[in-house]
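Heads up: the structure comes next, in structure tokens.
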Amino acid sequence: MINDLKFIERSLLFARLSEISYFDIKKATKEAKKLGFNVVEFYDVDGAQSYRFQNKTDCVISCRGTQPTQWNDIKADLRAVPVFSETVSRVHKGFKKEVDDLWPLVKEDILALDNSTNLWFCGHSLGAAMATIMASRCLFDKSLADPQELYTYGSPRVGWPKYAKSLGVNHHRWVNNNDIVTRVPFSIMGYRHHGTEHYLNAYGKLRNPTGWQRIKDRFRGIKLGLKKGKIDSFSDHSITEYVKFIENISKES
């Protein structure tokens, strides 16, 4: 039962499920069973994709993030025009479109859950934005179960301040050092982040830096990345990096 796990254990579980959501159905099913989920369903509508991982006590909706080879994903990321959400205020047009495509299927399965099944949402990158919007819709739809929590990794900003403020779900938002996706769409466009931020520094350690400390840590990350022949802003966005660092933290705790 997920509720019995410690916070860092839950964070690792959802990071792994977010990573698994990039796999094909055969591999995803195999890996999900290792984590205790015997029911796996893949949703795929016009390139918008997510998984349902379920067992006797928990149901996790894990949304798939941007795939550089999928034009639909790239197009969704680029549609940064703010439009009215299904709930409150405005959200990113591209993110909303991805959720709109999947929502009838996902909603149907959420409606089928019994009262003893806990509902969770997670995702990475574009999938993090989609998971945020889905969790919000559950909260505003009284026919649906309220999410237990939302876990996102490398999430972009999703909506305007009023939208972010309306999200009553307990949201744990993980940010890896220079992850460039966490800085878009730009705040000057009205977009804001939501949730409790959990910041991984240049060495993959969980920290709560001040503004100046974060600036120094970002430069440190750029320097370390260059030594490895990597562009830190992009390599830090990898879900594999999130999983690796959170797993290390879990082992040390």
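Chain identifiers are assigned as A, B, and so on, following the order in which chains appear in the structure tokens; residues are numbered from 1 within each chain, and ligands are numbered from 1 in order of appearance.
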When DSSP works through the backbone of this structure, what residues of segment 49-250 of chain A end up as helix (DSSP H, G or I), shown as a PyMOL selection string? chain A and resi 71-78+93-111+126-140+161-166+180-183+187-189+211-227+232-235+239-250
Just write the chosen residues, C-alpha atoms, as an mmCIF file, in the first residue's frame.
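Just written: selection-v4.cif:
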data_model
loop_
_atom_site.group_PDB
_atom_site.id
_atom_site.type_symbol
_atom_site.label_atom_id
_atom_site.label_comp_id
_atom_site.auth_asym_id
_atom_site.auth_seq_id
_atom_site.Cartn_x
_atom_site.Cartn_y
_atom_site.Cartn_z
ATOM 1 C CA TRP A 71 5.656 15.468 -33.519
ATOM 2 C CA ASN A 72 2.451 15.483 -31.453
ATOM 3 C CA ASP A 73 4.483 15.890 -28.244
ATOM 4 C CA ILE A 74 6.631 18.671 -29.678
ATOM 5 C CA LYS A 75 3.537 20.423 -31.003
ATOM 6 C CA ALA A 76 1.908 20.208 -27.557
ATOM 7 C CA ASP A 77 4.955 21.785 -25.910
ATOM 8 C CA LEU A 78 4.979 24.651 -28.415
ATOM 9 C CA LYS A 93 -3.184 25.101 -24.592
ATOM 10 C CA GLY A 94 -0.927 22.230 -25.673
ATOM 11 C CA PHE A 95 -0.975 20.499 -22.284
ATOM 12 C CA LYS A 96 -4.747 20.824 -22.076
ATOM 13 C CA LYS A 97 -5.192 19.326 -25.569
ATOM 14 C CA GLU A 98 -3.177 16.242 -24.585
ATOM 15 C CA VAL A 99 -5.388 15.711 -21.535
ATOM 16 C CA ASP A 100 -8.587 16.375 -23.491
ATOM 17 C CA ASP A 101 -7.671 13.541 -25.875
ATOM 18 C CA LEU A 102 -7.171 11.009 -23.069
ATOM 19 C CA TRP A 103 -9.631 12.200 -20.450
ATOM 20 C CA PRO A 104 -12.773 10.255 -21.531
ATOM 21 C CA LEU A 105 -10.848 6.956 -21.248
ATOM 22 C CA VAL A 106 -9.061 7.847 -18.026
ATOM 23 C CA LYS A 107 -12.203 9.223 -16.408
ATOM 24 C CA GLU A 108 -14.136 6.053 -17.236
ATOM 25 C CA ASP A 109 -11.588 3.919 -15.389
ATOM 26 C CA ILE A 110 -11.432 6.286 -12.409
ATOM 27 C CA LEU A 111 -15.222 6.137 -12.138
ATOM 28 C CA LEU A 126 4.950 16.994 -20.562
ATOM 29 C CA GLY A 127 3.571 14.049 -18.576
ATOM 30 C CA ALA A 128 3.980 16.057 -15.367
ATOM 31 C CA ALA A 129 1.849 18.859 -16.806
ATOM 32 C CA MET A 130 -0.774 16.357 -17.969
ATOM 33 C CA ALA A 131 -0.857 14.664 -14.553
ATOM 34 C CA THR A 132 -1.348 18.057 -12.903
ATOM 35 C CA ILE A 133 -4.334 18.886 -15.103
ATOM 36 C CA MET A 134 -5.874 15.432 -14.582
ATOM 37 C CA ALA A 135 -5.515 15.703 -10.804
ATOM 38 C CA SER A 136 -7.169 19.124 -10.926
ATOM 39 C CA ARG A 137 -10.126 17.761 -12.892
ATOM 40 C CA CYS A 138 -10.625 15.001 -10.341
ATOM 41 C CA LEU A 139 -10.774 17.545 -7.534
ATOM 42 C CA PHE A 140 -13.422 19.607 -9.309
ATOM 43 C CA PRO A 161 -1.712 32.029 -10.697
ATOM 44 C CA LYS A 162 -5.419 31.499 -10.031
ATOM 45 C CA TYR A 163 -5.239 28.036 -11.573
ATOM 46 C CA ALA A 164 -2.196 27.101 -9.502
ATOM 47 C CA LYS A 165 -3.882 28.408 -6.367
ATOM 48 C CA SER A 166 -7.003 26.329 -7.073
ATOM 49 C CA ILE A 180 15.493 23.702 -18.388
ATOM 50 C CA VAL A 181 11.905 22.442 -18.711
ATOM 51 C CA THR A 182 11.118 23.578 -15.155
ATOM 52 C CA ARG A 183 11.664 27.178 -16.298
ATOM 53 C CA SER A 187 6.570 33.523 -15.894
ATOM 54 C CA ILE A 188 6.318 36.751 -17.910
ATOM 55 C CA MET A 189 3.523 34.984 -19.832
ATOM 56 C CA GLY A 211 18.138 32.383 -4.198
ATOM 57 C CA TRP A 212 21.868 33.136 -4.235
ATOM 58 C CA GLN A 213 22.787 29.570 -3.279
ATOM 59 C CA ARG A 214 20.694 28.282 -6.154
ATOM 60 C CA ILE A 215 22.417 30.582 -8.641
ATOM 61 C CA LYS A 216 25.822 29.336 -7.483
ATOM 62 C CA ASP A 217 24.609 25.732 -7.630
ATOM 63 C CA ARG A 218 23.376 26.204 -11.195
ATOM 64 C CA PHE A 219 26.790 27.476 -12.296
ATOM 65 C CA ARG A 220 28.359 24.533 -10.471
ATOM 66 C CA GLY A 221 26.070 22.180 -12.373
ATOM 67 C CA ILE A 222 26.980 23.770 -15.720
ATOM 68 C CA LYS A 223 30.672 23.375 -14.917
ATOM 69 C CA LEU A 224 30.288 19.736 -13.869
ATOM 70 C CA GLY A 225 28.210 19.021 -16.974
ATOM 71 C CA LEU A 226 30.814 20.481 -19.310
ATOM 72 C CA LYS A 227 33.477 18.284 -17.716
ATOM 73 C CA ASP A 232 23.499 20.465 -18.109
ATOM 74 C CA SER A 233 20.194 22.188 -18.850
ATOM 75 C CA PHE A 234 19.153 19.257 -21.028
ATOM 76 C CA SER A 235 20.854 16.306 -19.324
ATOM 77 C CA ILE A 239 13.905 11.029 -15.906
ATOM 78 C CA THR A 240 16.729 8.515 -15.509
ATOM 79 C CA GLU A 241 18.706 11.165 -13.625
ATOM 80 C CA TYR A 242 15.755 11.858 -11.325
ATOM 81 C CA VAL A 243 15.382 8.147 -10.584
ATOM 82 C CA LYS A 244 19.112 7.724 -9.925
ATOM 83 C CA PHE A 245 19.385 10.653 -7.515
ATOM 84 C CA ILE A 246 16.195 9.883 -5.596
ATOM 85 C CA GLU A 247 17.261 6.244 -5.312
ATOM 86 C CA ASN A 248 20.592 7.369 -3.823
ATOM 87 C CA ILE A 249 18.779 9.585 -1.330
ATOM 88 C CA SER A 250 16.483 6.682 -0.410
#
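Residues lying within 8 Å of Ser18 of chain A, counting only C-alpha atoms and ignoring same-chain neighbours fewer than 4 positions away, are Phe14, Tyr22, Ser62, Cys63, Arg64, Cys122, Gly123, His124 and Ile239 of chain A.
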Residues from last step as file, C-alpha atoms, as an mmCIF file, in the first residue's frame:
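Heads up, here's the output in selection.cif:
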data_model
loop_
_atom_site.group_PDB
_atom_site.id
_atom_site.type_symbol
_atom_site.label_atom_id
_atom_site.label_comp_id
_atom_site.auth_asym_id
_atom_site.auth_seq_id
_atom_site.Cartn_x
_atom_site.Cartn_y
_atom_site.Cartn_z
ATOM 1 C CA PHE A 14 6.491 7.454 -8.709
ATOM 2 C CA TYR A 22 8.005 5.716 -21.635
ATOM 3 C CA SER A 62 1.273 7.950 -14.943
ATOM 4 C CA CYS A 63 1.449 10.299 -17.935
ATOM 5 C CA ARG A 64 4.113 9.963 -20.601
ATOM 6 C CA CYS A 122 2.536 11.209 -11.545
ATOM 7 C CA GLY A 123 4.531 12.140 -14.614
ATOM 8 C CA HIS A 124 7.694 13.605 -16.078
ATOM 9 C CA ILE A 239 13.905 11.029 -15.906
#
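What separates atom CA of Thr210 of chain A from atom CA of Gly190 of chain A is a distance of 23.2 Å.
When DSSP is run on the backbone, the residues of segment 91-217 of chain A that fall into strand (DSSP E) are Val91, His92, Asn118, Leu119, Trp120, Phe121, Cys122, Gly123, His124, Glu149, Leu150, Tyr151, Thr152, Tyr153, His171, His172, Arg173, Trp174, Val175, Asn176, Thr196, Glu197, His198, Tyr199, Leu200, Leu206 and Arg207 of chain A.
Proximity ranking of A:Phe53, A:Trp174, A:Tyr191, A:Tyr153 relative to Leu35 of chain A places A:Phe53 first, based on only C-alpha atoms.
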May I have the residues within 6 Å of Ser125 of chain A as a PDB file with N, CA and C atoms, in the first residue's frame, using only C-alpha atoms and disregarding those fewer than 4 positions away in the same chain?
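Saved result, selection_29.pdb, follows:
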ATOM      1  N   GLY A  65       5.809  11.665 -20.921  1.00  0.00           N
ATOM      2  CA  GLY A  65       6.324  12.981 -21.269  1.00  0.00           C
ATOM      3  C   GLY A  65       6.681  13.112 -22.739  1.00  0.00           C
ATOM      4  N   GLY A 154      10.575  17.251 -13.258  1.00  0.00           N
ATOM      5  CA  GLY A 154      10.891  18.099 -14.403  1.00  0.00           C
ATOM      6  C   GLY A 154       9.662  18.718 -15.022  1.00  0.00           C
ATOM      7  N   SER A 155       8.750  19.207 -14.176  1.00  0.00           N
ATOM      8  CA  SER A 155       7.496  19.751 -14.687  1.00  0.00           C
ATOM      9  C   SER A 155       7.637  21.186 -15.174  1.00  0.00           C
TER      10      SER A 155
END
Near-segment 195-204 of chain A list (6 Å; only C-alpha atoms; drop same-chain fewer than 2 positions) as a PDB file with N, CA and C atoms, in the first residue's frame:
ATOM      1  N   HIS A 171       0.856  18.263  -3.846  1.00  0.00           N
ATOM      2  CA  HIS A 171       1.696  18.113  -5.028  1.00  0.00           C
ATOM      3  C   HIS A 171       3.166  18.214  -4.651  1.00  0.00           C
ATOM      4  N   HIS A 172       3.927  17.157  -4.932  1.00  0.00           N
ATOM      5  CA  HIS A 172       5.378  17.143  -4.697  1.00  0.00           C
ATOM      6  C   HIS A 172       6.061  17.286  -6.059  1.00  0.00           C
ATOM      7  N   ARG A 173       6.717  18.409  -6.249  1.00  0.00           N
ATOM      8  CA  ARG A 173       7.304  18.765  -7.547  1.00  0.00           C
ATOM      9  C   ARG A 173       8.832  18.724  -7.455  1.00  0.00           C
ATOM     10  N   TRP A 174       9.424  17.717  -8.115  1.00  0.00           N
ATOM     11  CA  TRP A 174      10.865  17.519  -8.071  1.00  0.00           C
ATOM     12  C   TRP A 174      11.551  18.283  -9.203  1.00  0.00           C
ATOM     13  N   VAL A 175      12.641  18.980  -8.841  1.00  0.00           N
ATOM     14  CA  VAL A 175      13.415  19.775  -9.800  1.00  0.00           C
ATOM     15  C   VAL A 175      14.884  19.389  -9.695  1.00  0.00           C
ATOM     16  N   ASN A 176      15.483  18.995 -10.805  1.00  0.00           N
ATOM     17  CA  ASN A 176      16.887  18.603 -10.834  1.00  0.00           C
ATOM     18  C   ASN A 176      17.757  19.750 -11.342  1.00  0.00           C
ATOM     19  N   ASN A 177      18.398  20.456 -10.426  1.00  0.00           N
ATOM     20  CA  ASN A 177      19.404  21.468 -10.732  1.00  0.00           C
ATOM     21  C   ASN A 177      19.034  22.369 -11.914  1.00  0.00           C
ATOM     22  N   LEU A 206      19.342  16.335  -2.020  1.00  0.00           N
ATOM     23  CA  LEU A 206      18.113  17.077  -1.759  1.00  0.00           C
ATOM     24  C   LEU A 206      18.433  18.268  -0.867  1.00  0.00           C
ATOM     25  N   ARG A 207      18.183  19.470  -1.363  1.00  0.00           N
ATOM     26  CA  ARG A 207      18.515  20.692  -0.644  1.00  0.00           C
ATOM     27  C   ARG A 207      17.392  21.720  -0.764  1.00  0.00           C
ATOM     28  N   GLY A 221      26.603  23.251 -11.534  1.00  0.00           N
ATOM     29  CA  GLY A 221      26.070  22.180 -12.373  1.00  0.00           C
ATOM     30  C   GLY A 221      26.514  22.304 -13.817  1.00  0.00           C
ATOM     31  N   PHE A 245      19.106   9.816  -8.676  1.00  0.00           N
ATOM     32  CA  PHE A 245      19.385  10.653  -7.515  1.00  0.00           C
ATOM     33  C   PHE A 245      18.432  10.357  -6.351  1.00  0.00           C
TER      34      PHE A 245
END
Students should find that atom CA of Glu149 of chain A and atom CA of Asn170 of chain A are spaced 4.9 Å
Could you tell me how far atom CA of Glu86 of chain A lies from atom CA of Arg157 of chain A, in Å and to one decimal? 17.0 Å
Need to verify the contact set: Glu41 of chain A, 9 Å, only C-alpha atoms, exclusion of same-chain residues closer than 6 positions in sequence. Can you return it as a PDB file with C-alpha atoms, in the first residue's frame?
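To be explicit, this is the file written out as around07.pdb:
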ATOM      1  CA  ILE A  25       3.206  -2.037 -23.097  1.00  0.00           C
ATOM      2  CA  THR A  29       3.853  -4.471 -17.758  1.00  0.00           C
ATOM      3  CA  SER A  50      -0.426   7.580 -20.326  1.00  0.00           C
ATOM      4  CA  TYR A  51      -0.611   4.411 -18.249  1.00  0.00           C
ATOM      5  CA  ARG A  52      -2.835   3.092 -15.485  1.00  0.00           C
ATOM      6  CA  PHE A  53      -0.966   0.950 -12.948  1.00  0.00           C
ATOM      7  CA  GLN A  54      -3.267  -0.714 -10.440  1.00  0.00           C
TER       8      GLN A  54
END
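Nearest residue to Ser253 of chain A, choosing from A:Lys56, A:Lys6, A:Arg192, A:Lys26 and counting only C-alpha atoms: A:Lys6.
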